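Novice: I am attaching a structure below and will ask some questions about it afterwards.
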2 protein chains.
Amino acid sequence: LGQRIVIIGGVACGLKAASRARRLDGQADITVIEQGRHISYAACGMPYVISGRIKKVEDLVQRTPAYFERLKGIRMLTGCRATAIDRGRKVVRYLGGAGGEAEAPRELPYDKLVLATGARPVAPPLPGLDLPGVFRLKDLADTEAILKVVCKAKRAVIIGAGPIGVEMAEAFRARGLEVVLIEARGQLLPGLLDFEMARLLERHLTRQGVDVRCGAKLLRFEGEEGLARVVTSSEAATEAVLEADLALLAIGVRPNVELAREAGLAIGQTGAIKVDDHLRTSDPDIYAGGDCAEMRHLLTGKPVYIPLGTTANKHGRVIADNICGGGDTFPGVMGTALLKAFDYTVGRSGLTAEAAREAGFDAAQALVPAPDHAHYYGGAQAFALKLICERPGGRLLGVQIVGPGEVAGRLDTAVAAMSFGATAEQLSKIDFGYSPPFAQAMDALIVAANVARNKLAGVASVLPEEVRRALDGPDAPLLVDVRGAPERQKARLGVGEVVHLPFPQLRKGMAKLPKDRDLITFCWGGQRAYEAALILRRSGFERVRFMDGSLFTWPYELEEDDPGWR
Amino acid sequence: LGQRIVIIGGVACGLKAASRARRLDGQADITVIEQGRHISYAACGMPYVISGRIKKVEDLVQRTPAYFERLKGIRMLTGCRATAIDRGRKVVRYLGGAGGEAEAPRELPYDKLVLATGARPVAPPLPGLDLPGVFRLKDLADTEAILKVVCKAKRAVIIGAGPIGVEMAEAFRARGLEVVLIEARGQLLPGLLDFEMARLLERHLTRQGVDVRCGAKLLRFEGEEGLARVVTSSEAATEAVLEADLALLAIGVRPNVELAREAGLAIGQTGAIKVDDHLRTSDPDIYAGGDCAEMRHLLTGKPVYIPLGTTANKHGRVIADNICGGGDTFPGVMGTALLKAFDYTVGRSGLTAEAAREAGFDAAQALVPAPDHAHYYGGAQAFALKLICERPGGRLLGVQIVGPGEVAGRLDTAVAAMSFGATAEQLSKIDFGYSPPFAQAMDALIVAANVARNKLAGVASVLPEEVRRALDGPDAPLLVDVRGAPERQKARLGVGEVVHLPFPQLRKGMAKLPKDRDLITFCWGGQRAYEAALILRRSGFERVRFMDGSLFTWPYELEEDDPGWR
């Protein structure tokens, strides 16, 4: 008989490892222990069941235990909970199964053990956490529980504006609920987006009827028979009381490492199970993968904890190849995230500008709005795209894309380039596909890469946040709005001293601009502002710069007469 | 005063070079000579004007000469034709302008000259070529001419099934015309797709009412006052007469190199102007870019002629940087092509399997159908994706994607990876974005990369075309259809000896299979066939292989009861 492989966890990583091991080794004795009722389900689809887009929880279940048992010859112990690992005797103890948890623990010997124990939502010990109506979203049981109340509920409060929080805001709105989304930090998707990109998303959520409150901290849940109120504090230290009959705690997840820790396996500095690049733990006969394992960030080389279903699937294959095949490695992650938020898509990978600075990089930023295909074809939608590059060489460090239109493909394209250490210059020269229904002749990524190259070459521009700070400082710059009158009527900056000088009249009108003062040109998205700044510089205005992304990415309030202009 | 830059050609490359040169050098004296009436137009949009998707020809015009003159200080000589280059005196002679072509040629001195003379459609000297109703599609004048007749025409014949031919088939169908698409070679998009991928496209075009005739050669156009008939020959050497009142010749383009050749500049072996990687011609003061210039294929290192608007735009920037800036290079192209064909998208890059073989590569092929996002989310559409990899290392040599759904982003992602010499293994581990509305947890490219890895590791599979050949040979293999009965009812292979053994009953039913005969398992797309082959192999069937892509990519006729099944 073949080697005995025991896998704890039967969702993404665990089942991938089991299936792949079977493909590689027909003789192996493979057992999967899963404490839940369901195996092999698509956890990332849970928000869409709650929104009603997917009809029922069962639609997320891809395979039954019987499928694995009969067709693949994999023993499935569902409803069983592993309680301990005896590394000396190489056995896993577990409860449950036919006899239920009442029976004494049974033992399962292993030659190789795989920990795919997953993660669970973080839940701080706050008052009212156990009130009916307060939920987390970990598994299909949670999904079913939320589904039971979502149609009766009226007011939902979501705590935590990470990807799950944002996806669930859409799901609850789709069910007709009033939704408040609170986030302790100062922006949506903190750590994932830079401030001005997060603000684009925030404005979209607000337009979709989500009450977004950043900088608000959860204090407690209140209610008598069930949830009635969520109480938060803001920076002003005053308590805000939000009426709610449904609350979702989505402030992150923590890896399930108890089994590993009690067995004496090394835990990494992120709190997840430490593994080498073969996904082996500190015990060479025990592997760990998926949401319970630590991984390496490919840009910083540092350990990170970024649990994602796609990584878990990759892990499963690598682990099986190490147990049964020729051996394989998992290099690490880029921190890629992709999510739908109503009519917007948000994609990001690598480091934010802030994270790049913290990691010690001197980072240049290119911030451009761009249509997702040729405007003349019709139906093009503009997203904002940001590239972050290392000075002076221009190596890509990060990408962020927020907006309507086709974001996902550009994200993956940038991720592929970044994975090979691409520079902005290399990116700008790649032979990407071009056809009017799908792209521009110089597509968004190429335009952004060229803007990044211009910045690395010293073209004088200034980010919206820097403009805002300069306006509050001494010697505030004079702002030059180069848009035409009809465009200006739709939206105006509303701060600072602004001179109007439409781009076509620039040469005639520039005489009225001062040469002894800082000038910042701006327009809708930055292109005309760039051209105008170059023309002004050639005409002797040495103190002119242009605003990156201009009004399109201006993260503060605007005077908007036409809220749809953007 | 600054250097004198003369640019011949005012569309993509020429105007990009002019604009970029102005940005880099405010003092340069820049002149653009363009023989047409329009400058700066989006030639790739012409089929969509003809289809009616874009309302009028003028919508393709992005900038007027006045824009360049007034705002950028670039002299625009539209309606002027360059007739000669005197390299000794460094002058360009041209006709036209204010005085028209009647005047004597005028001279324009240059310090640096840019040839962006473009290309023109190939037109073999066949009888009837000049009949009213016979068109080519080169510029906006052609577009306008076709627009004038397209609403009265009833029957169109398109000669040449390259990208333009396919796009124009859609355009003419959109106008309600009967459309015959003839192609001299044996498949659509010859040179761009392998046979089985081209067949997927052909079936889609046929379903959209296009009469596709491959292997048919154009002999002549016939008619009295205007076009009445197109006469072709087929392999059977019989003449076919197609009634038609509109014909479009789209058999490729040829670079406009006459000026360059007469000036004694080197012409490359492809027939386009030879340039170095700075896009300099054999005269260091003369550059060439866009559709008139030769380029290097990044995979073979050989010169190729692949004229595309996106390359022309990149060329413009590189040329200007070499004339006015710090210098820049254009590395070459991957042969990327992207087009819409009714409800399908076709994307390709790198080498086809055939081209890879011809270039001396030992190429492995992974051929997989894959949904464009998580099936449970709803609305997913399946395309066929092919990766071509070098043995034994697995370096990517080519990608082809054909089908509905989101193709363009995957194409660019593969192109980015391929541009950095990615192997299938590297591609399979990239941290791509994952969210159910946009991708699968193991997305199409990752699945295909893993299939390619399996192939490189020796997993025994066989391509549909090889199956077909084996069926005609001695010792024909036994085919094992592992689909369930309802699926089998929709479509059947219709050739060879087929045993039905649904995958879930495989273990019970395998006893009826012979061990002393070649077995080939197949299903809808290859996944179950792969699993079944592994199970059979483990059970002692040593002569089993599975069919890549299975029925989904089967390029021959099927017995189809439900034509929509695929």
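Just remember, in the structure tokens the first chain shown is A, the second B, etc., residues are 1-based per chain, and ligands are 1-based in the order shown.
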Could you list, as a count of residues only, the residues of chain A having an atom within 6 Å of chain B when counting only C-alpha atoms?
Specialist: 20
Novice: I'd like the neighbourhood of B:Gly128 as a list in words, where a residue qualifies if any of its atoms comes within 12 Å (using only C-alpha atoms), though same-chain residues fewer than 4 positions away should be ignored.
Specialist: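 In the requested format, the answer is Ala123, Pro124, Pro132, Gly133, Val134, Phe135, Leu218, Leu219, Arg220, Phe221, Glu222, Gly223, Glu224, Glu225, Gly226, Leu227, Ala228, Arg229, Val230, Val231, Ala247 and Leu249 of chain B.
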Novice: Just the strand (DSSP E) stuff from stretch 394-455 of chain A, please, per backbone DSSP, written as a compact mmCIF listing (two decimals) with C-alpha atoms, in the first residue's frame.
Specialist:
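Okay, this is what ended up in result-v4.txt:
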```txt
# COMPACT_ATOMS: atom_id res chain seq x y z
CA LEU A 396 6.94 48.59 -11.10
CA LEU A 397 6.05 48.40 -7.44
CA GLY A 398 2.30 48.67 -7.50
CA VAL A 399 -0.85 49.13 -9.52
CA GLN A 400 -4.30 50.35 -8.54
CA ILE A 401 -7.33 50.61 -10.83
CA VAL A 402 -10.74 51.90 -9.73
CA GLY A 403 -13.77 52.61 -11.84
```
Novice: Pick the closest to A:Leu147 from A:Val482, A:Ala452, A:Val57, A:Leu193: which is it, counting only C-alpha atoms?
Specialist: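 The shortest atom-to-atom distance to A:Leu147 comes from A:Val57.
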Novice: Please provide as a list in words all residues within 9 Å of A:Gly264, with the sequence filter that same-chain residues fewer than 5 positions apart are discarded (counting only C-alpha atoms).
Specialist: Arg87, Leu259 and Ser282 of chain A
Novice: Atoms to include: C-alpha atoms. Write the selected residues as a short mmCIF file (atom, residue, chain, number, x, y, z; two decimals), in the first residue's frame.
Specialist:
```cif
data_model
loop_
_atom_site.label_atom_id
_atom_site.label_comp_id
_atom_site.auth_asym_id
_atom_site.auth_seq_id
_atom_site.Cartn_x
_atom_site.Cartn_y
_atom_site.Cartn_z
CA ARG A 87 4.03 14.31 15.79
CA LEU A 259 -3.58 22.67 16.06
CA SER A 282 8.97 23.24 10.67
#
```
Novice: Taking 3 positions as the minimum chain separation for residues in the same chain, which residues sit within 6 Å of stretch 170-182 of chain B when counting only C-alpha atoms? Answer as a PDB file with N, CA and C atoms, in the first residue's frame.
Specialist:
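New file part-v2.pdb:
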```
ATOM      1  N   SER B  51     -20.266  49.450 -40.428  1.00  0.00           N
ATOM      2  CA  SER B  51     -21.329  48.636 -39.812  1.00  0.00           C
ATOM      3  C   SER B  51     -22.464  49.504 -39.291  1.00  0.00           C
ATOM      4  N   LYS B 154     -26.836  44.275 -51.846  1.00  0.00           N
ATOM      5  CA  LYS B 154     -27.536  43.095 -51.332  1.00  0.00           C
ATOM      6  C   LYS B 154     -26.584  41.949 -51.025  1.00  0.00           C
ATOM      7  N   ARG B 155     -25.579  41.779 -51.894  1.00  0.00           N
ATOM      8  CA  ARG B 155     -24.688  40.626 -51.751  1.00  0.00           C
ATOM      9  C   ARG B 155     -23.239  41.084 -51.789  1.00  0.00           C
ATOM     10  N   ALA B 156     -22.538  40.813 -50.704  1.00  0.00           N
ATOM     11  CA  ALA B 156     -21.138  41.212 -50.634  1.00  0.00           C
ATOM     12  C   ALA B 156     -20.243  39.980 -50.663  1.00  0.00           C
ATOM     13  N   VAL B 157     -19.123  40.113 -51.361  1.00  0.00           N
ATOM     14  CA  VAL B 157     -18.089  39.084 -51.297  1.00  0.00           C
ATOM     15  C   VAL B 157     -16.829  39.740 -50.743  1.00  0.00           C
ATOM     16  N   ILE B 158     -16.294  39.137 -49.710  1.00  0.00           N
ATOM     17  CA  ILE B 158     -15.047  39.627 -49.126  1.00  0.00           C
ATOM     18  C   ILE B 158     -13.953  38.655 -49.517  1.00  0.00           C
ATOM     19  N   ILE B 159     -12.882  39.185 -50.038  1.00  0.00           N
ATOM     20  CA  ILE B 159     -11.779  38.327 -50.453  1.00  0.00           C
ATOM     21  C   ILE B 159     -10.642  38.508 -49.451  1.00  0.00           C
ATOM     22  N   GLY B 160     -10.375  37.451 -48.706  1.00  0.00           N
ATOM     23  CA  GLY B 160      -9.309  37.504 -47.700  1.00  0.00           C
ATOM     24  C   GLY B 160      -9.876  37.458 -46.303  1.00  0.00           C
ATOM     25  N   GLU B 167     -13.625  41.336 -39.724  1.00  0.00           N
ATOM     26  CA  GLU B 167     -14.346  42.491 -39.180  1.00  0.00           C
ATOM     27  C   GLU B 167     -15.362  43.025 -40.188  1.00  0.00           C
ATOM     28  N   VAL B 210     -22.651  34.068 -42.265  1.00  0.00           N
ATOM     29  CA  VAL B 210     -21.582  34.312 -43.233  1.00  0.00           C
ATOM     30  C   VAL B 210     -21.280  33.012 -43.964  1.00  0.00           C
ATOM     31  N   ASP B 211     -21.238  33.077 -45.275  1.00  0.00           N
ATOM     32  CA  ASP B 211     -20.907  31.917 -46.094  1.00  0.00           C
ATOM     33  C   ASP B 211     -19.383  31.871 -46.228  1.00  0.00           C
ATOM     34  N   VAL B 212     -18.754  31.016 -45.428  1.00  0.00           N
ATOM     35  CA  VAL B 212     -17.294  30.966 -45.389  1.00  0.00           C
ATOM     36  C   VAL B 212     -16.788  29.931 -46.390  1.00  0.00           C
ATOM     37  N   ARG B 213     -15.879  30.341 -47.249  1.00  0.00           N
ATOM     38  CA  ARG B 213     -15.314  29.409 -48.237  1.00  0.00           C
ATOM     39  C   ARG B 213     -13.799  29.479 -48.208  1.00  0.00           C
ATOM     40  N   CYS B 214     -13.221  28.539 -47.497  1.00  0.00           N
ATOM     41  CA  CYS B 214     -11.758  28.479 -47.445  1.00  0.00           C
ATOM     42  C   CYS B 214     -11.257  27.662 -48.619  1.00  0.00           C
ATOM     43  N   ALA B 216     -10.578  28.835 -51.491  1.00  0.00           N
ATOM     44  CA  ALA B 216     -11.125  29.379 -52.741  1.00  0.00           C
ATOM     45  C   ALA B 216     -10.291  30.581 -53.171  1.00  0.00           C
ATOM     46  N   PHE B 342     -18.359  39.350 -34.474  1.00  0.00           N
ATOM     47  CA  PHE B 342     -19.714  39.147 -33.953  1.00  0.00           C
ATOM     48  C   PHE B 342     -19.629  38.997 -32.431  1.00  0.00           C
TER      49      PHE B 342
END
```
Novice: Looking only at the backbone, which of the residues in stretch 307-359 of chain B does DSSP tag as alpha helix (DSSP H), as a list of chain:residue names?
Specialist: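 Listing alpha helix (DSSP H) positions across stretch 307-359 of chain B yields B:Gly309, B:Thr310, B:Thr311, B:Ala312, B:Asn313, B:Lys314, B:His315, B:Gly316, B:Arg317, B:Val318, B:Ile319, B:Ala320, B:Asp321, B:Asn322, B:Ile323, B:Cys324, B:Ala353, B:Glu354, B:Ala355, B:Ala356, B:Arg357, B:Glu358.
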Novice: Residues at most 10 Å from B:Thr300, counting only C-alpha atoms, excluding those fewer than 3 positions away in the same chain, as a compact mmCIF listing (two decimals) with N, CA, C and O atoms, in the first residue's frame?
Specialist:
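Writing the result to result-v1.txt gives the following:
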```txt
# COMPACT_ATOMS: atom_id res chain seq x y z
N ARG B 296 11.22 43.69 -35.62
CA ARG B 296 11.78 42.39 -35.26
C ARG B 296 10.77 41.60 -34.44
O ARG B 296 10.08 42.14 -33.58
N HIS B 297 10.68 40.30 -34.72
CA HIS B 297 9.82 39.43 -33.90
C HIS B 297 10.60 39.05 -32.65
O HIS B 297 11.71 38.53 -32.71
N PRO B 303 13.27 39.48 -38.80
CA PRO B 303 12.47 40.62 -39.27
C PRO B 303 11.08 40.18 -39.69
O PRO B 303 10.93 39.12 -40.31
N VAL B 304 10.09 40.98 -39.33
CA VAL B 304 8.71 40.69 -39.73
C VAL B 304 8.06 42.00 -40.16
O VAL B 304 8.56 43.09 -39.85
N MET B 334 5.44 40.98 -30.76
CA MET B 334 5.11 39.60 -30.46
C MET B 334 4.12 39.04 -31.49
O MET B 334 3.72 37.89 -31.39
N GLY B 350 2.44 35.75 -30.36
CA GLY B 350 3.54 34.79 -30.45
C GLY B 350 3.43 33.92 -31.69
O GLY B 350 2.97 34.38 -32.74
N LEU B 351 3.84 32.68 -31.57
CA LEU B 351 3.88 31.76 -32.71
C LEU B 351 2.72 30.77 -32.63
O LEU B 351 2.37 30.31 -31.55
N ALA B 355 3.98 27.62 -36.80
CA ALA B 355 5.10 28.55 -36.92
C ALA B 355 6.22 28.19 -35.95
O ALA B 355 7.41 28.35 -36.26
N ALA B 356 5.85 27.69 -34.77
CA ALA B 356 6.87 27.30 -33.80
C ALA B 356 7.68 26.13 -34.35
O ALA B 356 8.92 26.11 -34.25
N ALA B 359 9.98 27.33 -36.98
CA ALA B 359 11.10 28.09 -36.43
C ALA B 359 12.08 27.18 -35.69
O ALA B 359 13.04 27.66 -35.11
N GLY B 360 11.79 25.88 -35.68
CA GLY B 360 12.73 24.94 -35.08
C GLY B 360 12.49 24.63 -33.62
O GLY B 360 13.30 23.97 -32.97
N PHE B 361 11.36 25.08 -33.09
CA PHE B 361 11.06 24.78 -31.69
C PHE B 361 10.39 23.41 -31.57
O PHE B 361 9.60 23.02 -32.43
N LEU B 397 5.60 30.25 -26.01
CA LEU B 397 5.87 30.67 -27.39
C LEU B 397 4.66 31.28 -28.07
O LEU B 397 4.80 31.98 -29.06
```
Novice: Measure the distance from atom CA of B:Arg93 to atom CA of B:Cys324 in Å and round it to one decimal.
Specialist: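 That distance, rounded to one decimal, is 23.6 Å.
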Novice: Can you pull out every residue within 9 Å of A:Pro307, counting only C-alpha atoms, but drop anything in the same chain fewer than 2 positions away, and send it as a list in words?
Specialist: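 The contact residues come out as Gly118, Ala119, Val253, Pro255, Gly290, Asp291, Cys292, Ala293, Glu294, Tyr305, Gly309, Thr310, Thr311 and Ala312 of chain A.
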Novice: Can you spit out the residues from that selection as an mmCIF file, in the first residue's frame, using C-alpha atoms?
Specialist:
```
data_model
loop_
_atom_site.group_PDB
_atom_site.id
_atom_site.type_symbol
_atom_site.label_atom_id
_atom_site.label_comp_id
_atom_site.auth_asym_id
_atom_site.auth_seq_id
_atom_site.Cartn_x
_atom_site.Cartn_y
_atom_site.Cartn_z
ATOM 1 C CA GLY A 118 -8.319 28.001 7.024
ATOM 2 C CA ALA A 119 -9.124 31.161 8.909
ATOM 3 C CA VAL A 253 -9.674 37.145 9.486
ATOM 4 C CA PRO A 255 -5.518 31.987 10.609
ATOM 5 C CA GLY A 290 -4.283 28.177 2.132
ATOM 6 C CA ASP A 291 -5.698 30.606 4.669
ATOM 7 C CA CYS A 292 -3.740 29.176 7.632
ATOM 8 C CA ALA A 293 -0.298 29.631 6.108
ATOM 9 C CA GLU A 294 2.074 32.546 5.918
ATOM 10 C CA TYR A 305 -0.606 37.038 5.622
ATOM 11 C CA GLY A 309 -8.962 31.376 -2.435
ATOM 12 C CA THR A 310 -6.804 31.626 -5.515
ATOM 13 C CA THR A 311 -3.628 31.251 -3.471
ATOM 14 C CA ALA A 312 -5.158 28.333 -1.578
#
```
Novice: Could you tell me how far atom CA of B:Ala116 lies from atom CA of A:Asp372, in Å and to one decimal?
Specialist: 27.3 Å
Novice: In Å to one decimal, how far is atom CA of B:Arg453 from atom CA of B:Ala476?
Specialist: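 Calculated distance between atom CA of B:Ala476 and atom CA of B:Arg453 is 27.9 Å.
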Novice: Would you mind listing what lies within 9 Å of B:Ala104 as a PyMOL selection string, with only C-alpha atoms counted and same-chain residues fewer than 4 positions away left out?
Specialist: chain B and resi 94-96
